[in-house]
Amino acid sequence: MYGTWWSLVPPVVAILLALITKEVYSSLFVGVLLGALFTAGFQPWGTFETLFTTMTENMNLNIIIFDVLLGMIIVLMTQSGGSAAYGEWASRRIKSKKASMFATMGLGVLIFVDDYFNCLTVGSVMRPVTDKYRVSRAKLAYIIDATAAPICIIAPISSWAAAVNSYVPEDSSLTGFQLFLRTIPYNLYALLTIGMVFLVIAWNFDFGLMKKHEINAAKGDLFTSGGEEFESMQEDKKVNPNGKVIDLVLPVAVLIVSAVFGMIYTGFLGGAGNVVDAFADCDAEMSLIFATTVTVLFMAVLYLPRKVISFHDFMQSLAEGAKLMMPAILILTFAWTLKGMGDNLGIADFVRNMVGTSMTASVVIPAIMFGIALFLGFSTGTSWGTFAILVPIVVNMYAGFDDEMMIISVSAVLAGAVCGDHISPISDTTIMSSAGAQSNHINHVQTQMQYAMIVAVICAIGYIIAGISKNWMISLAGSAAILFLVLFFISRKERSEARA
């Protein structure tokens, strides 16, 4: 089964079960168990041992620590009254549903350092405002998700840029950072997704399952289904009248500044000679833990002397933060284990062999790489893992004789990986977006998938144009024009149906 199509069976089964049953935990566990059975050759004890060994080896303790600390920060912002104060402040200035969604998108664009931080922070800050104007939780989760990874993958100062830099071989004709910068205008999925969010909000229309959620939200049902646990979380929750807007804004500012400082500092510790190289060589996970730790200490100094929150409640927020993030951590643990099962079964070797037999025409290579990265990202639920597998392959394919095609094809891999990650129910960023918006996870996956696939089809066309023209302006302009026309046609159709 190693290195064959059987390696795709566990993640595909998990994804199908999640979509059919709408039960994420059981679906992921079935996929993990199936991977363990395949790896152990269906031996009972070997399966048990493989299951927990793989889980232990693939758990990312740094991310779990970061999630708990970030959960603590979110709880403290809420308990201090900072989130409520910001919500009231924003509500006085945001006068419409459209403005609330644009504000959510704008905040998502501004928080570009890390997608986890983006998803959870934007959700906790903007949720009270979008709730006021009856934006469905599925729509909020979509806006958060569509301005998290797509922003990070085109932001040179981000944990994603650092990850991509690390996957470029040292003997490449371009440094990792140079290659990353040149992929930005060719990263069609990221750019078009941001454009689609803008147009959907500006033209005030929805389609597919999202339309159903928005209709229900207009009637007062923000969840449509699966919101009971979030409604119960809001019951009997008193708002602290002592909270100020600074109790939210200052911690967020400290978090961003600390994260950027941590990335630069760890980069210099790694031997970087300048700021650009420091971002390329930074320890992103340790920097984020540093940033959240500094922010928690800063919040203690900001809140406790003013008696905004008691010392007992401050310490209790650690447990509450862990409790808040536990569903996401549990899903992440299963998702990491499922990826480990894919590694055990040689999913990377299978993809490499498939890529090697698919290079038949140079002009369609970017489109092929986009499709392969999309499928791999969807099946494994990880963008970074897809980068790690495919970026070195593409760089080696073109190294030394066609830098422009190398840049286009690497861009296609990055775009396809983010797209696959976006539509995968086992993706960590998709899970974080659901958690940040407090949306039912499967509702978010189903509604976002319909929107994302429109962009994905246009991207495939765009990469064929890029392969022919080798010009980012032509490929981006052509793709943007197609997206504009498609969304214009859909918006006209939806308005006609609404008037009928």
# chains A, B, ... in the order shown; residues from 1 in each chain; ligands from 1

call {"tool": "residues_around", "arguments": {"residues": "Phe48 in chain A", "least_positions_apart": "6", "cutoff": "12 Å", "atoms": "only C-alpha atoms", "output": "PyMOL selection string"}}
result
chain A and resi 32-42+54-55

call {"tool": "closest_atom_pairs", "arguments": {"of": "range 184-290 of chain A", "to": "range 443-454 of chain A", "cutoff": "12 Å", "atoms": "only C-alpha atoms", "output": "tab-separated table"}}
result
residue	atom	partner	partner_atom	distance
A:Tyr189	CA	A:Ala452	CA	8.9
A:Ala190	CA	A:Ala452	CA	10.5
A:Leu192	CA	A:Ala452	CA	9.8
A:Thr193	CA	A:Ala452	CA	7.4
A:Ile194	CA	A:Ala452	CA	10.9
A:Gly195	CA	A:Ala452	CA	11.9
A:Met196	CA	A:Tyr451	CA	8.6
A:Val197	CA	A:Tyr451	CA	9.4
A:Val200	CA	A:Tyr451	CA	10.0
A:Asp206	CA	A:Tyr451	CA	9.4
A:Phe207	CA	A:Tyr451	CA	8.5
A:Gly208	CA	A:Gln450	CA	7.0
A:Leu209	CA	A:Thr447	CA	5.5
A:Met210	CA	A:Thr447	CA	5.2
A:Lys211	CA	A:Thr447	CA	8.9
A:Lys212	CA	A:Thr447	CA	9.6
A:His213	CA	A:Thr447	CA	8.7
A:Glu214	CA	A:Thr447	CA	10.9
A:Leu222	CA	A:Asn443	CA	11.5
A:Phe223	CA	A:Asn443	CA	8.6
A:Thr224	CA	A:Asn443	CA	8.6
A:Ser225	CA	A:Asn443	CA	7.8
A:Gly226	CA	A:Asn443	CA	8.0
A:Gly227	CA	A:Asn443	CA	10.0

call {"tool": "residues_around", "arguments": {"residues": "range 259-270 of chain A", "least_positions_apart": "6", "cutoff": "7 Å", "atoms": "only C-alpha atoms", "output": "compact mmCIF listing (two decimals) with all heavy atoms, in the first residue's frame"}}
result
# COMPACT_ATOMS: atom_id res chain seq x y z
N ALA A 278 16.17 37.65 8.17
CA ALA A 278 15.68 37.26 9.49
C ALA A 278 14.26 36.71 9.40
O ALA A 278 13.93 35.69 10.03
CB ALA A 278 15.72 38.46 10.44
N PHE A 279 13.41 37.36 8.61
CA PHE A 279 12.06 36.84 8.42
C PHE A 279 12.09 35.49 7.71
O PHE A 279 11.28 34.61 7.98
CB PHE A 279 11.21 37.82 7.63
CG PHE A 279 10.59 38.90 8.47
CD1 PHE A 279 11.03 40.20 8.39
CD2 PHE A 279 9.57 38.60 9.35
CE1 PHE A 279 10.47 41.20 9.17
CE2 PHE A 279 8.99 39.59 10.14
CZ PHE A 279 9.44 40.89 10.05
N ASP A 281 14.40 33.23 7.94
CA ASP A 281 15.00 32.18 8.77
C ASP A 281 14.41 32.12 10.19
O ASP A 281 14.98 31.48 11.06
CB ASP A 281 16.52 32.40 8.87
CG ASP A 281 17.20 32.34 7.51
OD1 ASP A 281 16.69 31.62 6.64
OD2 ASP A 281 18.22 33.02 7.33
N CYS A 282 13.29 32.79 10.41
CA CYS A 282 12.77 32.89 11.78
C CYS A 282 12.14 31.58 12.25
O CYS A 282 11.80 30.71 11.45
CB CYS A 282 11.74 34.01 11.87
SG CYS A 282 10.14 33.62 11.12
N ASP A 283 11.97 31.48 13.55
CA ASP A 283 11.22 30.38 14.17
C ASP A 283 9.81 30.92 14.44
O ASP A 283 9.56 31.53 15.48
CB ASP A 283 11.90 29.95 15.47
CG ASP A 283 11.25 28.72 16.09
OD1 ASP A 283 10.06 28.46 15.80
OD2 ASP A 283 11.92 28.03 16.87
N ALA A 284 8.89 30.71 13.49
CA ALA A 284 7.56 31.32 13.55
C ALA A 284 6.78 30.83 14.77
O ALA A 284 6.12 31.62 15.46
CB ALA A 284 6.79 31.04 12.27
N SER A 287 8.10 32.31 17.96
CA SER A 287 7.80 33.74 17.96
C SER A 287 6.36 34.00 18.37
O SER A 287 6.08 34.96 19.11
CB SER A 287 8.05 34.33 16.56
OG SER A 287 9.40 34.15 16.17
N LEU A 288 5.45 33.16 17.91
CA LEU A 288 4.04 33.34 18.26
C LEU A 288 3.79 33.02 19.73
O LEU A 288 2.97 33.67 20.39
CB LEU A 288 3.17 32.46 17.35
CG LEU A 288 3.15 32.88 15.88
CD1 LEU A 288 2.41 31.85 15.04
CD2 LEU A 288 2.50 34.25 15.71
N PHE A 290 6.05 33.41 22.07
CA PHE A 290 6.63 34.58 22.74
C PHE A 290 5.64 35.74 22.73
O PHE A 290 5.42 36.39 23.76
CB PHE A 290 7.93 34.98 22.03
CG PHE A 290 8.46 36.32 22.44
CD1 PHE A 290 9.13 36.49 23.64
CD2 PHE A 290 8.28 37.43 21.62
CE1 PHE A 290 9.61 37.74 24.03
CE2 PHE A 290 8.76 38.68 21.99
CZ PHE A 290 9.42 38.83 23.20
N ALA A 291 5.02 35.99 21.58
CA ALA A 291 4.09 37.11 21.45
C ALA A 291 2.88 36.95 22.36
O ALA A 291 2.45 37.91 23.01
CB ALA A 291 3.65 37.26 19.99

call {"tool": "select_by_dssp", "arguments": {"residues": "range 10-207 of chain A", "states": "alpha helix (DSSP H)", "output": "PyMOL selection string"}}
result
chain A and resi 10-21+24-39+44-58+61-79+82-93+97-110+115-132+137-146+149-152+159-166+176-183+188-202

call {"tool": "residues_around", "arguments": {"residues": "Ser383 in chain A", "least_positions_apart": "4", "cutoff": "8 Å", "atoms": "only C-alpha atoms", "output": "ChimeraX atom specification"}}
result
/A:377,387,414,417-418,420-421

call {"tool": "residues_around", "arguments": {"residues": "range 5-8 of chain A", "least_positions_apart": "6", "cutoff": "6 Å", "atoms": "only C-alpha atoms", "output": "short mmCIF file (atom, residue, chain, number, x, y, z; two decimals) with all heavy atoms, in the first residue's frame"}}
result
data_model
loop_
_atom_site.label_atom_id
_atom_site.label_comp_id
_atom_site.auth_asym_id
_atom_site.auth_seq_id
_atom_site.Cartn_x
_atom_site.Cartn_y
_atom_site.Cartn_z
N GLY A 342 -0.75 9.53 6.48
CA GLY A 342 -0.42 9.71 5.07
C GLY A 342 1.07 9.60 4.82
O GLY A 342 1.51 9.01 3.83
N LEU A 345 2.09 6.01 4.89
CA LEU A 345 1.67 5.26 3.70
C LEU A 345 2.30 5.77 2.41
O LEU A 345 1.98 5.29 1.33
CB LEU A 345 0.14 5.30 3.59
CG LEU A 345 -0.62 4.57 4.70
CD1 LEU A 345 -2.11 4.90 4.64
CD2 LEU A 345 -0.42 3.06 4.59
N ILE A 347 2.25 8.95 0.97
CA ILE A 347 1.44 9.80 0.10
C ILE A 347 2.32 10.76 -0.70
O ILE A 347 2.01 11.09 -1.85
CB ILE A 347 0.39 10.57 0.94
CG1 ILE A 347 -0.65 11.21 0.03
CG2 ILE A 347 1.04 11.62 1.83
CD1 ILE A 347 -1.83 11.80 0.80
#

call {"tool": "atom_distance", "arguments": {"atom1": "CA of Val68 in chain A", "atom2": "CA of Asp343 in chain A"}}
result
27.3 Å

call {"tool": "atom_distance", "arguments": {"atom1": "CA of Phe66 in chain A", "atom2": "CA of Thr292 in chain A"}}
result
6.9 Å

call {"tool": "closest_residue", "arguments": {"among": "A:Gly81, A:Pro241, A:Gly340, A:Gly31", "to": "Val13 in chain A", "atoms": "only C-alpha atoms"}}
result
A:Gly31

call {"tool": "closest_residue", "arguments": {"among": "A:Ile143, A:Leu248, A:Ile423, A:Val486", "to": "Ala103 in chain A", "atoms": "only C-alpha atoms"}}
result
A:Ile143

call {"tool": "residues_around", "arguments": {"residues": "range 301-309 of chain A", "least_positions_apart": "5", "cutoff": "10 Å", "atoms": "only C-alpha atoms", "output": "PDB file with C-alpha atoms, in the first residue's frame"}}
result
ATOM      1  CA  LEU A  76      -9.422  38.126  29.043  1.00  0.00           C
ATOM      2  CA  MET A  77     -10.519  40.583  26.344  1.00  0.00           C
ATOM      3  CA  GLN A  79     -13.988  39.400  30.707  1.00  0.00           C
ATOM      4  CA  SER A  80     -12.348  42.823  30.854  1.00  0.00           C
ATOM      5  CA  GLY A  81     -15.166  44.282  28.790  1.00  0.00           C
ATOM      6  CA  GLY A  82     -12.706  45.287  26.079  1.00  0.00           C
ATOM      7  CA  ASN A 240     -17.908  44.233  32.490  1.00  0.00           C
ATOM      8  CA  PRO A 241     -18.899  47.932  32.602  1.00  0.00           C
ATOM      9  CA  ASN A 242     -15.317  48.971  33.431  1.00  0.00           C
ATOM     10  CA  GLY A 243     -13.922  47.860  30.071  1.00  0.00           C
ATOM     11  CA  LYS A 244     -12.513  50.391  27.621  1.00  0.00           C
ATOM     12  CA  ILE A 246      -7.917  50.290  24.917  1.00  0.00           C
ATOM     13  CA  ASP A 247      -8.438  47.006  26.777  1.00  0.00           C
ATOM     14  CA  LEU A 250      -3.568  47.745  23.137  1.00  0.00           C
ATOM     15  CA  PRO A 251      -3.284  43.948  23.662  1.00  0.00           C
ATOM     16  CA  THR A 295       0.604  39.876  25.628  1.00  0.00           C
ATOM     17  CA  VAL A 296      -0.760  37.938  28.611  1.00  0.00           C
ATOM     18  CA  PHE A 314      -7.332  36.500  35.556  1.00  0.00           C
TER      19      PHE A 314
END

call {"tool": "closest_residue", "arguments": {"among": "A:Ile184, A:Ala202, A:Met406, A:Ala149", "to": "Ala99 in chain A", "atoms": "only C-alpha atoms"}}
result
A:Ala202

call {"tool": "atom_distance", "arguments": {"atom1": "CA of Met72 in chain A", "atom2": "CA of Ser317 in chain A"}}
result
5.4 Å

call {"tool": "closest_residue", "arguments": {"among": "A:Asn353, A:Thr4, A:Ser411, A:Ser27", "to": "Ala466 in chain A", "atoms": "only C-alpha atoms"}}
result
A:Ser411

call {"tool": "closest_residue", "arguments": {"among": "A:Ala481, A:Ile464, A:Ala319, A:Ile73", "to": "Phe298 in chain A", "atoms": "only C-alpha atoms"}}
result
A:Ile73
